[in-house]
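So this block is my_file.csv, CSV, C-alpha atoms:
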chain,number,residue,atom,x,y,z
A,1,MET,CA,-14.8,-19.2,50.6
A,2,ALA,CA,-11.5,-17.3,50.1
A,3,THR,CA,-11.9,-13.7,48.8
A,4,LYS,CA,-9.3,-12.0,46.7
A,5,ASN,CA,-8.7,-8.5,48.1
A,6,GLY,CA,-6.8,-5.7,46.5
A,7,ALA,CA,-9.3,-3.0,47.5
A,8,PHE,CA,-8.0,-2.0,51.0
A,9,SER,CA,-5.1,-2.5,53.4
A,10,VAL,CA,-4.2,-1.8,57.0
A,11,GLY,CA,-4.0,1.9,57.8
A,12,GLU,CA,-6.7,3.0,55.4
A,13,ARG,CA,-8.6,5.9,56.8
A,14,LEU,CA,-11.7,7.4,55.1
A,15,THR,CA,-13.1,10.6,56.6
A,16,TYR,CA,-16.5,12.1,55.9
A,17,ASP,CA,-18.6,15.2,56.5
A,18,VAL,CA,-22.0,14.4,57.8
A,19,ARG,CA,-24.9,16.7,56.7
A,20,PHE,CA,-28.5,16.8,57.7
A,21,GLY,CA,-30.1,18.6,54.7
A,22,PRO,CA,-27.8,21.6,54.0
A,23,LEU,CA,-26.4,21.7,57.6
A,24,ARG,CA,-23.0,20.2,58.5
A,25,VAL,CA,-23.8,18.3,61.7
A,26,GLY,CA,-20.7,16.2,62.3
A,27,HIS,CA,-18.0,13.9,60.9
A,28,GLY,CA,-17.4,10.2,60.5
A,29,THR,CA,-14.4,8.0,60.0
A,30,MET,CA,-13.9,4.5,58.6
A,31,LEU,CA,-10.5,3.1,59.8
A,32,LEU,CA,-8.9,-0.2,59.0
A,33,ALA,CA,-7.0,-0.1,62.3
A,34,GLY,CA,-4.9,-3.3,62.3
A,35,ILE,CA,-4.8,-7.1,62.3
A,36,ASP,CA,-5.7,-9.1,65.4
A,37,THR,CA,-6.2,-12.8,66.2
A,38,VAL,CA,-9.7,-13.9,67.2
A,39,ARG,CA,-10.1,-17.5,68.4
A,40,GLY,CA,-7.2,-18.5,66.2
A,41,HIS,CA,-8.3,-16.6,63.1
A,42,ILE,CA,-6.2,-13.8,61.6
A,43,ALA,CA,-8.6,-10.9,61.4
A,44,TRP,CA,-8.9,-7.3,60.2
A,45,ARG,CA,-10.0,-4.8,62.8
A,46,ALA,CA,-12.2,-2.1,61.3
A,47,VAL,CA,-13.5,0.9,63.3
A,48,PHE,CA,-16.4,3.1,62.3
A,49,THR,CA,-17.2,6.3,64.3
A,50,ILE,CA,-19.7,9.0,63.7
A,51,SER,CA,-20.3,12.0,65.9
A,52,GLY,CA,-22.2,15.3,65.8
A,53,GLY,CA,-25.8,16.4,65.8
A,54,THR,CA,-28.0,19.4,66.2
A,55,LEU,CA,-28.8,21.6,69.2
A,56,PHE,CA,-31.5,19.1,70.2
A,57,PHE,CA,-30.2,15.8,69.0
A,58,LYS,CA,-26.7,14.4,69.5
A,59,VAL,CA,-25.1,11.3,68.0
A,60,ARG,CA,-21.9,9.5,69.0
A,61,ASP,CA,-21.7,6.0,67.6
A,62,SER,CA,-18.8,3.6,67.5
A,63,THR,CA,-18.7,0.1,66.0
A,64,VAL,CA,-15.8,-2.3,65.7
A,65,SER,CA,-15.7,-5.4,63.4
A,66,TRP,CA,-13.3,-8.2,63.4
A,67,PHE,CA,-13.4,-10.2,60.1
A,68,ASP,CA,-11.2,-12.9,58.7
A,69,THR,CA,-8.4,-11.6,56.4
A,70,THR,CA,-8.9,-14.4,53.9
A,71,THR,CA,-12.6,-15.1,53.8
A,72,LEU,CA,-13.8,-11.8,55.2
A,73,VAL,CA,-16.4,-13.6,57.3
A,74,SER,CA,-17.3,-11.9,60.6
A,75,LEU,CA,-15.9,-13.1,63.9
A,76,ARG,CA,-16.9,-10.4,66.4
A,77,PHE,CA,-18.9,-7.2,66.2
A,78,VAL,CA,-19.2,-4.5,68.9
A,79,GLN,CA,-21.5,-1.5,69.0
A,80,HIS,CA,-21.6,1.5,71.3
A,81,LEU,CA,-24.5,3.7,70.2
A,82,ARG,CA,-25.4,7.1,71.7
A,83,GLU,CA,-28.2,8.7,69.7
A,84,GLY,CA,-30.2,11.3,71.6
A,85,ARG,CA,-31.5,9.5,74.7
A,86,TYR,CA,-31.0,6.1,73.1
A,87,ARG,CA,-28.1,4.1,74.5
A,88,ALA,CA,-27.0,0.6,73.4
A,89,ASP,CA,-23.9,-1.5,74.0
A,90,ARG,CA,-23.7,-4.8,72.2
A,91,ASP,CA,-20.9,-7.4,71.9
A,92,TYR,CA,-21.5,-10.2,69.4
A,93,GLN,CA,-19.3,-13.3,69.1
A,94,ILE,CA,-19.9,-14.8,65.7
A,95,TYR,CA,-18.9,-18.4,64.9
A,96,PRO,CA,-18.9,-19.0,61.1
A,97,GLU,CA,-17.7,-22.6,61.5
A,98,ARG,CA,-21.0,-23.6,63.2
A,99,ALA,CA,-23.3,-20.9,61.7
A,100,SER,CA,-24.2,-19.3,65.1
A,101,TYR,CA,-23.6,-16.2,67.1
A,102,ALA,CA,-24.1,-15.1,70.7
A,103,ARG,CA,-24.5,-11.8,72.6
A,104,LEU,CA,-22.1,-11.4,75.6
A,105,ASP,CA,-23.2,-13.8,78.4
A,106,LYS,CA,-26.1,-15.1,76.4
A,107,PRO,CA,-26.6,-18.5,74.7
A,108,GLU,CA,-25.7,-19.1,71.0
A,109,VAL,CA,-28.5,-18.7,68.4
A,110,PRO,CA,-28.5,-19.7,64.7
A,111,SER,CA,-26.7,-17.5,62.2
A,112,VAL,CA,-25.9,-18.1,58.5
A,113,ARG,CA,-23.0,-19.6,56.5
A,114,GLU,CA,-20.3,-17.1,55.7
A,115,PRO,CA,-21.7,-14.4,58.0
A,116,LEU,CA,-21.1,-10.6,57.6
A,117,ASP,CA,-22.0,-7.8,60.0
A,118,ASP,CA,-22.9,-4.2,59.3
A,119,GLU,CA,-19.3,-3.1,58.9
A,120,SER,CA,-17.6,-6.1,57.3
A,121,PHE,CA,-20.3,-6.1,54.7
A,122,LEU,CA,-19.1,-2.7,53.4
A,123,TYR,CA,-15.6,-4.1,53.0
A,124,PHE,CA,-16.8,-7.3,51.4
A,125,LEU,CA,-18.8,-5.3,48.9
A,126,ARG,CA,-15.6,-3.5,47.9
A,127,THR,CA,-14.2,-6.8,46.6
A,128,VAL,CA,-17.3,-7.7,44.5
A,129,ARG,CA,-17.6,-7.0,40.7
A,130,LEU,CA,-20.5,-4.6,40.3
A,131,ASP,CA,-22.1,-4.5,36.8
A,132,VAL,CA,-24.5,-1.6,36.0
A,133,GLY,CA,-28.1,-2.8,35.6
A,134,ARG,CA,-27.6,-5.9,37.7
A,135,THR,CA,-29.2,-6.7,41.1
A,136,TYR,CA,-27.3,-8.7,43.6
A,137,GLN,CA,-28.8,-10.6,46.6
A,138,PHE,CA,-26.8,-11.6,49.6
A,139,ASP,CA,-28.2,-13.8,52.4
A,140,ARG,CA,-25.1,-13.3,54.6
A,141,TYR,CA,-26.2,-10.9,57.3
A,142,PHE,CA,-25.2,-12.6,60.6
A,143,GLN,CA,-28.7,-12.1,62.1
A,144,PRO,CA,-30.9,-14.1,59.7
A,145,GLU,CA,-33.9,-11.9,60.1
A,146,GLY,CA,-31.9,-9.2,58.3
A,147,ASN,CA,-31.7,-11.1,55.1
A,148,PRO,CA,-31.8,-10.8,52.1
A,149,ILE,CA,-29.6,-7.7,51.5
A,150,ILE,CA,-30.4,-6.4,48.0
A,151,ILE,CA,-28.0,-4.3,46.0
A,152,HIS,CA,-29.2,-2.5,42.8
A,153,VAL,CA,-26.3,-1.2,40.6
A,154,LEU,CA,-27.9,1.9,39.0
A,155,ARG,CA,-25.3,3.7,36.9
A,156,ARG,CA,-21.9,5.1,36.4
A,157,GLU,CA,-21.2,8.9,36.7
A,158,PRO,CA,-18.5,11.4,37.8
A,159,VAL,CA,-19.0,12.9,41.3
A,160,THR,CA,-17.3,15.7,43.1
A,161,VAL,CA,-16.8,15.6,46.9
A,162,PRO,CA,-14.5,17.6,49.2
A,163,ALA,CA,-11.8,15.0,48.7
A,164,GLY,CA,-11.8,15.6,44.9
A,165,ARG,CA,-13.5,14.5,41.7
A,166,PHE,CA,-13.9,10.8,41.0
A,167,ASN,CA,-15.5,8.4,38.5
A,168,ALA,CA,-18.2,6.5,40.5
A,169,ILE,CA,-20.5,3.6,40.4
A,170,VAL,CA,-23.9,4.2,42.1
A,171,LEU,CA,-25.7,1.6,44.2
A,172,GLN,CA,-29.1,1.4,45.9
A,173,PRO,CA,-28.9,-0.9,48.9
A,174,GLN,CA,-32.1,-2.3,50.4
A,175,ILE,CA,-32.2,-4.1,53.8
A,176,ILE,CA,-35.1,-5.6,55.8
A,177,THR,CA,-34.6,-3.1,58.7
A,178,LYS,CA,-35.4,0.4,59.8
A,179,GLY,CA,-33.0,3.1,59.0
A,180,ILE,CA,-31.0,4.5,56.1
A,181,PHE,CA,-31.2,1.4,53.9
A,182,SER,CA,-34.7,0.4,54.7
A,183,ARG,CA,-36.8,-0.8,51.8
A,184,ASN,CA,-39.4,1.9,52.7
A,185,GLY,CA,-36.8,4.6,52.2
A,186,HIS,CA,-34.4,5.5,49.5
A,187,ALA,CA,-30.6,5.7,49.7
A,188,GLU,CA,-27.9,5.8,47.1
A,189,VAL,CA,-24.2,5.1,47.7
A,190,TRP,CA,-21.4,6.2,45.4
A,191,LEU,CA,-18.3,4.0,45.3
A,192,ALA,CA,-15.1,4.8,43.5
A,193,ASP,CA,-15.2,3.1,40.0
A,194,ASP,CA,-11.7,1.7,40.4
A,195,SER,CA,-10.0,-1.2,42.3
A,196,THR,CA,-10.6,0.3,45.7
A,197,HIS,CA,-14.4,0.8,45.5
A,198,MET,CA,-14.1,3.1,48.5
A,199,MET,CA,-17.3,4.9,49.5
A,200,LEU,CA,-17.3,8.5,48.2
A,201,GLN,CA,-20.7,9.7,49.1
A,202,LEU,CA,-24.0,8.5,50.6
A,203,LYS,CA,-27.3,10.2,50.3
A,204,SER,CA,-30.5,9.1,52.0
A,205,ARG,CA,-34.1,10.4,52.1
A,206,LEU,CA,-35.8,9.6,55.3
A,207,SER,CA,-39.2,10.5,56.7
A,208,PHE,CA,-37.7,13.3,58.8
A,209,GLY,CA,-35.2,14.7,56.2
A,210,SER,CA,-32.0,13.8,54.3
A,211,LEU,CA,-28.9,12.4,55.9
A,212,ASN,CA,-25.8,12.6,53.7
A,213,LEU,CA,-22.0,11.7,54.0
A,214,TYR,CA,-19.3,13.2,51.8
A,215,LEU,CA,-15.7,12.0,51.6
A,216,THR,CA,-13.3,14.7,52.8
A,217,SER,CA,-10.0,12.8,52.9
A,218,TYR,CA,-8.6,9.3,52.4
A,219,SER,CA,-5.2,7.8,53.1
A,220,SER,CA,-3.4,4.5,53.4
A,221,LYS,CA,0.1,3.8,54.7
A,222,ASN,CA,1.5,4.4,51.3
A,223,GLN,CA,-0.8,7.0,49.8
A,224,PRO,CA,-2.1,10.0,51.9
A,225,ARG,CA,-4.6,12.2,50.1
Let me see the structure of the file written as structure tokens.
Amino acid sequence: MATKNGAFSVGERLTYDVRFGPLRVGHGTMLLAGIDTVRGHIAWRAVFTISGGTLFFKVRDSTVSWFDTTTLVSLRFVQHLREGRYRADRDYQIYPERASYARLDKPEVPSVREPLDDESFLYFLRTVRLDVGRTYQFDRYFQPEGNPIIIHVLRREPVTVPAGRFNAIVLQPQIITKGIFSRNGHAEVWLADDSTHMMLQLKSRLSFGSLNLYLTSYSSKNQPR
């Protein structure tokens, strides 16, 4: 399925403050770094990094997603996670043409049609029309046990973040997984209420406190802010 995209372009960089409760504990960056070729597919290369932490707990995570420039389906997804004592390095090759995926040096297992990974889903969502009061269901997470992904579109409102004041549309994502978007928790995401749908703010309430992201700057090749 081809996807019309006017929401983002190569070189876009979104930078965030990361706060735990009232404390600034780090920073994050979403960068659409370039265009590569993956197994003959022309693909966006998107890089997400987050680093920081408290005196007792440090985080340094990096993920890279390659997804088709026309259909936005995922082709490869790499994670390097450093969260306290937890360490994980994963490299997934994703094959949308046969609805399967494989970890590096492991056999293929079933996936879904038109698969998306954690990162490519955020870019895909920016191309979707979002109507207040509607609930959207997507069965496209590349690991089938993670489906469905539910998006509740809650409201429109203005929001002020370090990067400025914006009109926003507020979403509540719910995913069958532990973490920020777990169905047992509560998270809200503010997207720009314009053609970019870039993420302005994220607020989550977890069992151990609140973890929030606030946009501090954004730029593209043609429009630094």
Distance of atom CA of A:Thr216 from atom CA of A:Pro22, expressed in Å to one decimal place: 16.1 Å
Separation of atom CA of A:Leu32 from atom CA of A:Phe48, in Å and rounded to one decimal: 8.8 Å
Residue neighbourhood A:His80, 8 Å, all atoms listed in the file, exclusion window fewer than 5 positions, as a PyMOL selection string: chain A and resi 61-63+87-90
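Nearest to A:Trp44 of all the residues A:Gly28, A:Pro148, A:Gly6, A:Gly11 is A:Gly11, based on all atoms listed in the file.
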Long-range neighbours of A:Ala7 as number ranges by chain, 10 Å cut-off, all atoms listed in the file, 2 positions minimum in chain: A: 4-5, 9, 123-128, 194-198
Point-to-point distance from atom CA of A:Leu122 to atom CA of A:Tyr218, Å rounded to tenths: 16.0 Å
Using only C-alpha atoms: which of A:Val170, A:Val10, A:Val38, A:Thr29 has the shortest distance to A:Ser217: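 The closest residue to A:Ser217 is A:Thr29.
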Shell of 7 Å around A:Met199, all atoms listed in the file, local chain residues under 3 positions omitted, as a ChimeraX atom specification: /A:190-192
Which residue of A:Ser51, A:Thr160, A:Thr135, A:Gln201 approaches A:Pro173 most closely, using all atoms listed in the file: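 That would be A:Thr135, the residue with the smallest distance to A:Pro173.
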Best match for closeness to A:Leu200 among A:Tyr136, A:Tyr92, A:Phe67, A:Phe166, counting only C-alpha atoms: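 Smallest separation from A:Leu200 among the options: A:Phe166.
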